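*Asks:* Next up is a structure, given as C-alpha coordinates.
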Amino acid sequence: METCVIVWFRKDLRVHDHQPLIRAAKSGLPVLGVYSFDPDEYSDTAYGFPKTDRHRAQFIRESVTDLRDTLSDIGVPLLIRHEHPADTFASISKEMNIESVFLHEEIGSEEQQVEQAVRSELPDTTFIVDHGHNLYHPDDLPFDLQDLPDTFSQFRKKIEKNGTMVRPSLHPPKHVQGAHPPFNPGEPPSLSELGLEELDREPRYRGGSSNARQRLMEYMFEKDRLRVYKETRNGMLKEDIHPSFPHGLRTVAYLLRSCTSRFSNTRQSA
(Lines give C-alpha, C1' and ligand atoms only; values in the text may rest on other atoms or scores of the structure.)
Protein backbone atom coordinates (compact mmCIF):
# COMPACT_ATOMS: atom_id res chain seq x y z
CA MET A 1 0.00 0.00 0.00
CA GLU A 2 1.56 3.27 -1.17
CA THR A 3 2.10 6.10 1.33
CA CYS A 4 1.28 9.54 -0.06
CA VAL A 5 0.36 13.09 0.81
CA ILE A 6 -2.74 14.77 -0.57
CA VAL A 7 -3.39 18.31 -1.76
CA TRP A 8 -7.09 18.89 -1.21
CA PHE A 9 -8.38 21.45 -3.72
CA ARG A 10 -11.62 23.24 -2.93
CA LYS A 11 -11.97 26.87 -4.02
CA ASP A 12 -8.33 27.25 -5.02
CA LEU A 13 -8.25 25.60 -8.44
CA ARG A 14 -4.76 26.64 -9.51
CA VAL A 15 -1.12 25.53 -9.26
CA HIS A 16 0.49 28.98 -9.03
CA ASP A 17 0.66 30.86 -5.71
CA HIS A 18 -0.38 27.65 -3.95
CA GLN A 19 1.43 27.09 -0.66
CA PRO A 20 -0.18 23.69 0.10
CA LEU A 21 1.02 22.31 -3.24
CA ILE A 22 4.54 23.56 -2.59
CA ARG A 23 4.56 22.08 0.91
CA ALA A 24 3.35 18.75 -0.45
CA ALA A 25 6.03 18.76 -3.15
CA LYS A 26 8.70 19.30 -0.48
CA SER A 27 7.39 16.51 1.76
CA GLY A 28 9.46 13.85 0.01
CA LEU A 29 6.40 11.63 -0.49
CA PRO A 30 4.30 11.00 -3.63
CA VAL A 31 1.63 13.67 -4.10
CA LEU A 32 -2.02 13.15 -5.05
CA GLY A 33 -4.44 15.98 -5.82
CA VAL A 34 -8.09 15.54 -4.85
CA TYR A 35 -11.24 17.43 -5.82
CA SER A 36 -14.78 16.39 -4.91
CA PHE A 37 -17.93 17.76 -6.47
CA ASP A 38 -19.83 17.86 -3.19
CA PRO A 39 -23.55 17.14 -3.82
CA ASP A 40 -24.45 19.51 -0.98
CA GLU A 41 -23.03 22.42 -2.97
CA TYR A 42 -25.48 21.67 -5.78
CA SER A 43 -28.55 21.32 -3.58
CA ASP A 44 -31.13 23.98 -2.75
CA THR A 45 -30.85 26.35 0.18
CA ALA A 46 -33.44 26.46 2.95
CA TYR A 47 -35.12 29.23 0.94
CA GLY A 48 -35.49 27.11 -2.17
CA PHE A 49 -32.70 28.67 -4.22
CA PRO A 50 -29.95 26.55 -5.78
CA LYS A 51 -26.56 27.06 -4.14
CA THR A 52 -24.86 26.53 -7.49
CA ASP A 53 -26.71 26.99 -10.78
CA ARG A 54 -25.73 25.76 -14.22
CA HIS A 55 -23.45 28.58 -15.39
CA ARG A 56 -21.35 28.58 -12.24
CA ALA A 57 -21.33 24.79 -12.28
CA GLN A 58 -20.02 24.80 -15.85
CA PHE A 59 -17.35 27.32 -14.83
CA ILE A 60 -16.25 25.01 -12.00
CA ARG A 61 -16.23 21.97 -14.30
CA GLU A 62 -13.94 23.81 -16.73
CA SER A 63 -11.72 25.01 -13.88
CA VAL A 64 -11.29 21.47 -12.56
CA THR A 65 -10.42 20.21 -16.04
CA ASP A 66 -7.84 22.97 -16.41
CA LEU A 67 -6.47 22.14 -12.96
CA ARG A 68 -6.00 18.51 -13.95
CA ASP A 69 -4.07 19.58 -17.05
CA THR A 70 -1.78 21.97 -15.18
CA LEU A 71 -1.16 19.46 -12.39
CA SER A 72 -0.33 16.80 -14.99
CA ASP A 73 2.30 19.13 -16.43
CA ILE A 74 4.21 18.97 -13.14
CA GLY A 75 3.60 15.26 -12.52
CA VAL A 76 0.68 15.28 -10.07
CA PRO A 77 -2.47 13.22 -10.75
CA LEU A 78 -5.85 14.69 -9.83
CA LEU A 79 -8.53 12.41 -8.43
CA ILE A 80 -12.02 13.72 -9.24
CA ARG A 81 -15.12 12.43 -7.48
CA HIS A 82 -18.80 13.32 -7.32
CA GLU A 83 -19.58 12.62 -3.68
CA HIS A 84 -19.13 14.05 -0.23
CA PRO A 85 -15.43 14.75 0.41
CA ALA A 86 -15.50 12.62 3.58
CA ASP A 87 -16.54 9.63 1.46
CA THR A 88 -13.77 10.38 -1.04
CA PHE A 89 -11.07 10.42 1.63
CA ALA A 90 -12.49 7.34 3.32
CA SER A 91 -12.23 5.43 0.03
CA ILE A 92 -8.67 6.63 -0.60
CA SER A 93 -7.58 5.62 2.90
CA LYS A 94 -8.63 2.02 2.21
CA GLU A 95 -6.17 1.81 -0.69
CA MET A 96 -3.39 4.23 0.30
CA ASN A 97 -1.68 5.42 3.48
CA ILE A 98 -2.38 9.16 3.75
CA GLU A 99 0.50 10.73 5.67
CA SER A 100 -0.70 14.35 5.43
CA VAL A 101 -3.37 16.49 3.82
CA PHE A 102 -2.38 19.97 2.63
CA LEU A 103 -5.13 22.50 2.06
CA HIS A 104 -6.11 26.17 2.07
CA GLU A 105 -8.28 27.54 4.84
CA GLU A 106 -11.97 28.09 4.16
CA ILE A 107 -13.77 30.37 6.64
CA GLY A 108 -17.40 29.54 5.77
CA SER A 109 -19.28 27.49 8.35
CA GLU A 110 -20.40 24.87 5.82
CA GLU A 111 -16.90 24.47 4.44
CA GLN A 112 -15.55 24.05 7.96
CA GLN A 113 -18.14 21.37 8.67
CA VAL A 114 -17.04 19.51 5.55
CA GLU A 115 -13.40 19.78 6.64
CA GLN A 116 -14.27 18.44 10.09
CA ALA A 117 -16.06 15.47 8.52
CA VAL A 118 -12.92 14.65 6.51
CA ARG A 119 -10.74 14.98 9.59
CA SER A 120 -13.03 12.54 11.40
CA GLU A 121 -12.42 9.97 8.65
CA LEU A 122 -8.64 10.39 8.99
CA PRO A 123 -7.92 10.60 12.74
CA ASP A 124 -4.26 9.60 12.31
CA THR A 125 -3.51 11.97 9.41
CA THR A 126 -1.85 15.38 9.81
CA PHE A 127 -3.68 18.36 8.29
CA ILE A 128 -1.56 21.37 7.28
CA VAL A 129 -3.70 24.45 6.60
CA ASP A 130 -2.52 27.68 4.92
CA HIS A 131 -4.13 31.04 4.19
CA GLY A 132 -4.78 31.31 0.48
CA HIS A 133 -7.65 33.68 -0.29
CA ASN A 134 -6.30 36.95 1.09
CA LEU A 135 -4.42 39.51 -0.95
CA TYR A 136 -2.61 40.50 2.25
CA HIS A 137 -1.56 37.77 4.63
CA PRO A 138 -3.33 38.23 8.01
CA ASP A 139 0.02 38.10 9.81
CA ASP A 140 1.22 41.15 7.82
CA LEU A 141 -1.66 43.48 8.68
CA PRO A 142 -0.68 46.58 10.72
CA PHE A 143 -3.57 46.01 13.12
CA ASP A 144 -5.26 43.18 14.98
CA LEU A 145 -8.08 41.40 13.18
CA GLN A 146 -10.58 42.61 15.78
CA ASP A 147 -9.64 46.15 14.72
CA LEU A 148 -10.28 45.49 11.03
CA PRO A 149 -11.73 48.68 9.48
CA ASP A 150 -15.38 48.68 8.50
CA THR A 151 -14.84 50.08 5.00
CA PHE A 152 -12.33 49.43 2.23
CA SER A 153 -11.18 53.07 2.11
CA GLN A 154 -10.20 52.98 5.78
CA PHE A 155 -8.47 49.63 5.25
CA ARG A 156 -6.56 50.93 2.21
CA LYS A 157 -5.38 54.08 3.99
CA LYS A 158 -4.02 52.11 6.95
CA ILE A 159 -2.28 49.65 4.64
CA GLU A 160 -0.72 52.42 2.56
CA LYS A 161 0.32 54.48 5.60
CA ASN A 162 2.08 51.48 7.08
CA GLY A 163 3.73 50.54 3.77
CA THR A 164 2.41 46.98 3.99
CA MET A 165 3.34 44.98 0.90
CA VAL A 166 1.69 41.98 -0.69
CA ARG A 167 3.86 38.91 -0.25
CA PRO A 168 5.73 37.73 -3.35
CA SER A 169 3.90 35.23 -5.51
CA LEU A 170 4.79 31.57 -5.26
CA HIS A 171 5.74 29.85 -8.49
CA PRO A 172 4.49 26.29 -8.95
CA PRO A 173 7.03 23.51 -8.51
CA LYS A 174 8.57 22.43 -11.80
CA HIS A 175 8.29 18.73 -11.15
CA VAL A 176 6.65 16.75 -8.37
CA GLN A 177 6.80 13.08 -7.51
CA GLY A 178 3.24 12.02 -8.25
CA ALA A 179 1.38 9.24 -6.48
CA HIS A 180 0.03 6.20 -8.33
CA PRO A 181 -3.51 5.70 -7.03
CA PRO A 182 -4.90 2.21 -7.72
CA PHE A 183 -8.29 3.45 -8.92
CA ASN A 184 -9.98 5.33 -11.73
CA PRO A 185 -9.02 9.03 -11.65
CA GLY A 186 -12.57 10.07 -12.50
CA GLU A 187 -14.00 12.89 -14.60
CA PRO A 188 -16.05 16.01 -13.82
CA PRO A 189 -19.75 15.10 -13.67
CA SER A 190 -22.00 16.48 -16.38
CA LEU A 191 -24.50 19.23 -15.60
CA SER A 192 -27.31 16.69 -15.68
CA GLU A 193 -25.41 14.48 -13.22
CA LEU A 194 -25.20 17.52 -10.95
CA GLY A 195 -28.98 17.84 -11.20
CA LEU A 196 -28.86 20.93 -13.42
CA GLU A 197 -30.22 21.90 -16.82
CA GLU A 198 -27.94 22.32 -19.81
CA LEU A 199 -26.68 25.80 -20.65
CA ASP A 200 -29.02 28.05 -22.61
CA ARG A 201 -26.09 30.05 -24.08
CA GLU A 202 -22.35 29.86 -24.42
CA PRO A 203 -20.44 31.18 -21.37
CA ARG A 204 -18.74 34.54 -21.84
CA TYR A 205 -15.84 33.47 -19.64
CA ARG A 206 -14.37 30.00 -19.51
CA GLY A 207 -13.23 28.56 -16.23
CA GLY A 208 -9.64 27.79 -15.32
CA SER A 209 -6.50 29.66 -14.30
CA SER A 210 -5.17 29.35 -17.85
CA ASN A 211 -8.16 31.35 -19.09
CA ALA A 212 -7.64 33.85 -16.28
CA ARG A 213 -4.16 34.55 -17.62
CA GLN A 214 -5.48 34.95 -21.15
CA ARG A 215 -8.21 37.34 -19.95
CA LEU A 216 -5.71 39.47 -18.06
CA MET A 217 -3.27 39.64 -20.97
CA GLU A 218 -6.11 40.69 -23.25
CA TYR A 219 -7.31 43.41 -20.86
CA MET A 220 -3.85 44.83 -20.15
CA PHE A 221 -1.97 44.43 -23.42
CA GLU A 222 -4.22 43.68 -26.38
CA LYS A 223 -6.86 46.27 -25.45
CA ASP A 224 -4.67 48.48 -23.25
CA ARG A 225 -7.56 49.04 -20.84
CA LEU A 226 -5.41 49.54 -17.77
CA ARG A 227 -4.46 52.99 -19.06
CA VAL A 228 -8.05 54.22 -18.56
CA TYR A 229 -8.97 52.06 -15.58
CA LYS A 230 -9.34 54.97 -13.16
CA GLU A 231 -11.86 56.67 -15.44
CA THR A 232 -13.87 53.54 -16.21
CA ARG A 233 -13.59 51.40 -13.07
CA ASN A 234 -17.13 52.11 -11.84
CA GLY A 235 -18.79 51.11 -15.09
CA MET A 236 -20.44 47.69 -14.99
CA LEU A 237 -22.61 47.53 -18.11
CA LYS A 238 -20.04 46.96 -20.84
CA GLU A 239 -17.23 44.50 -21.17
CA ASP A 240 -13.72 45.93 -20.66
CA ILE A 241 -15.14 49.04 -19.00
CA HIS A 242 -14.59 47.19 -15.74
CA PRO A 243 -12.02 44.37 -15.47
CA SER A 244 -14.28 41.42 -14.75
CA PHE A 245 -12.05 38.60 -13.51
CA PRO A 246 -14.24 35.76 -12.27
CA HIS A 247 -11.26 33.54 -11.46
CA GLY A 248 -10.48 34.57 -7.86
CA LEU A 249 -8.57 37.32 -6.12
CA ARG A 250 -5.37 35.37 -5.51
CA THR A 251 -5.27 34.20 -9.13
CA VAL A 252 -5.62 37.74 -10.43
CA ALA A 253 -3.11 39.09 -7.90
CA TYR A 254 -0.55 36.53 -9.03
CA LEU A 255 -1.13 37.35 -12.69
CA LEU A 256 -1.02 41.08 -12.08
CA ARG A 257 2.34 40.85 -10.39
CA SER A 258 3.70 38.64 -13.15
CA CYS A 259 2.57 41.14 -15.78
CA THR A 260 3.35 44.46 -14.07
CA SER A 261 6.97 44.74 -15.20
CA ARG A 262 6.06 43.81 -18.75
CA PHE A 263 3.27 46.40 -18.80
CA SER A 264 5.62 49.06 -17.44
CA ASN A 265 8.23 48.29 -20.05
CA THR A 266 5.58 48.28 -22.77
CA ARG A 267 4.24 51.70 -21.75
CA GLN A 268 7.75 53.20 -21.53
CA SER A 269 8.67 52.02 -25.01
CA ALA A 270 5.36 53.09 -26.56
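Numbering starts fresh at 1 for the residues of each chain in the C-alpha coordinates, the chains themselves are lettered A, B, ... in the order given, and ligands are numbered from 1 as they appear.
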Any chance you could list, as a list in words, the residues in region 86-164 of chain A that come up strand (DSSP E) when DSSP is run on the backbone?
*Replies:*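 Result set for region 86-164 of chain A (strand (DSSP E)): Asn97, Ile98, Glu99, Ser100, Val101, Phe102, Leu103, His104, Thr126, Phe127, Ile128, Val129 and Asp130 of chain A.
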*Asks:* Output N, CA, C and O atoms for every residue in that selection, as an mmCIF file, in the first residue's frame.
*Replies:*
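Printed below is selection_4.cif as written:
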```
data_model
loop_
_atom_site.group_PDB
_atom_site.id
_atom_site.type_symbol
_atom_site.label_atom_id
_atom_site.label_comp_id
_atom_site.auth_asym_id
_atom_site.auth_seq_id
_atom_site.Cartn_x
_atom_site.Cartn_y
_atom_site.Cartn_z
ATOM 1 N N ASN A 97 -1.979 4.810 2.185
ATOM 2 C CA ASN A 97 -1.680 5.425 3.482
ATOM 3 C C ASN A 97 -1.532 6.928 3.286
ATOM 4 O O ASN A 97 -0.627 7.375 2.579
ATOM 5 N N ILE A 98 -2.409 7.704 3.899
ATOM 6 C CA ILE A 98 -2.376 9.163 3.749
ATOM 7 C C ILE A 98 -1.592 9.751 4.909
ATOM 8 O O ILE A 98 -2.076 9.809 6.044
ATOM 9 N N GLU A 99 -0.372 10.174 4.634
ATOM 10 C CA GLU A 99 0.496 10.732 5.670
ATOM 11 C C GLU A 99 0.012 12.104 6.112
ATOM 12 O O GLU A 99 -0.073 12.397 7.305
ATOM 13 N N SER A 100 -0.290 12.969 5.131
ATOM 14 C CA SER A 100 -0.697 14.348 5.430
ATOM 15 C C SER A 100 -1.668 14.834 4.360
ATOM 16 O O SER A 100 -1.654 14.354 3.217
ATOM 17 N N VAL A 101 -2.487 15.800 4.757
ATOM 18 C CA VAL A 101 -3.374 16.486 3.823
ATOM 19 C C VAL A 101 -3.032 17.972 3.887
ATOM 20 O O VAL A 101 -3.046 18.580 4.964
ATOM 21 N N PHE A 102 -2.710 18.548 2.731
ATOM 22 C CA PHE A 102 -2.380 19.965 2.631
ATOM 23 C C PHE A 102 -3.555 20.691 1.990
ATOM 24 O O PHE A 102 -4.069 20.249 0.951
ATOM 25 N N LEU A 103 -3.954 21.806 2.570
ATOM 26 C CA LEU A 103 -5.132 22.503 2.061
ATOM 27 C C LEU A 103 -5.089 23.968 2.435
ATOM 28 O O LEU A 103 -4.349 24.387 3.334
ATOM 29 N N HIS A 104 -5.917 24.766 1.727
ATOM 30 C CA HIS A 104 -6.107 26.168 2.068
ATOM 31 C C HIS A 104 -7.291 26.302 3.017
ATOM 32 O O HIS A 104 -8.271 25.557 2.921
ATOM 33 N N THR A 126 -2.159 13.977 9.498
ATOM 34 C CA THR A 126 -1.853 15.376 9.815
ATOM 35 C C THR A 126 -2.460 16.292 8.754
ATOM 36 O O THR A 126 -2.315 16.044 7.554
ATOM 37 N N PHE A 127 -3.109 17.361 9.203
ATOM 38 C CA PHE A 127 -3.677 18.360 8.291
ATOM 39 C C PHE A 127 -2.873 19.648 8.423
ATOM 40 O O PHE A 127 -2.726 20.188 9.526
ATOM 41 N N ILE A 128 -2.341 20.135 7.302
ATOM 42 C CA ILE A 128 -1.558 21.374 7.276
ATOM 43 C C ILE A 128 -2.349 22.402 6.487
ATOM 44 O O ILE A 128 -2.576 22.241 5.283
ATOM 45 N N VAL A 129 -2.780 23.461 7.176
ATOM 46 C CA VAL A 129 -3.696 24.445 6.596
ATOM 47 C C VAL A 129 -2.975 25.782 6.417
ATOM 48 O O VAL A 129 -2.309 26.265 7.335
ATOM 49 N N ASP A 130 -3.111 26.380 5.232
ATOM 50 C CA ASP A 130 -2.522 27.684 4.919
ATOM 51 C C ASP A 130 -3.601 28.683 4.536
ATOM 52 O O ASP A 130 -4.672 28.314 4.037
#
```
*Asks:* Within 12 Å of Glu2 (chain A), counting only C-alpha atoms, which residues qualify if same-chain residues fewer than 6 places away don't, as a list in words?
*Replies:*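 Neighbouring residues, sequence-local ones excluded: Leu29, Pro30, Val31, Leu32, Ile92, Ser93, Lys94, Glu95, Met96, Asn97, Ile98, Glu99, Gly178, Ala179, His180, Pro181 and Pro182 of chain A.
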*Asks:* Could you jot down the CA of Val7 (chain A) to CA of Pro189 (chain A) separation for me, Å, one decimal place?
*Replies:*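 Separating CA of Val7 (chain A) from CA of Pro189 (chain A) is a distance of 20.5 Å.
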*Asks:* Between CA of Leu13 (chain A) and CA of Glu197 (chain A), what is the spacing in Å?
*Replies:* 23.8 Å
*Asks:* For CA of Glu222 (chain A) and CA of His133 (chain A), determine how far apart the two atoms are, in Å to one decimal place.
*Replies:*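 These atoms are spaced 28.1 Å apart.
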*Asks:* Nearest to Lys174 (chain A): which of A:Gly132, A:Gly207, A:Gly75, A:Pro39 is it, counting only C-alpha atoms?
*Replies:*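 The shortest atom-to-atom distance to Lys174 (chain A) comes from A:Gly75.
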*Asks:* Among the residues of region 25-170 of chain A, find those DSSP assigns to helix (DSSP H, G or I) from the backbone and print them as a PyMOL selection string.
*Replies:* chain A and resi 25+39-42+54-73+85-95+109-121+138-140+145-147+152-162
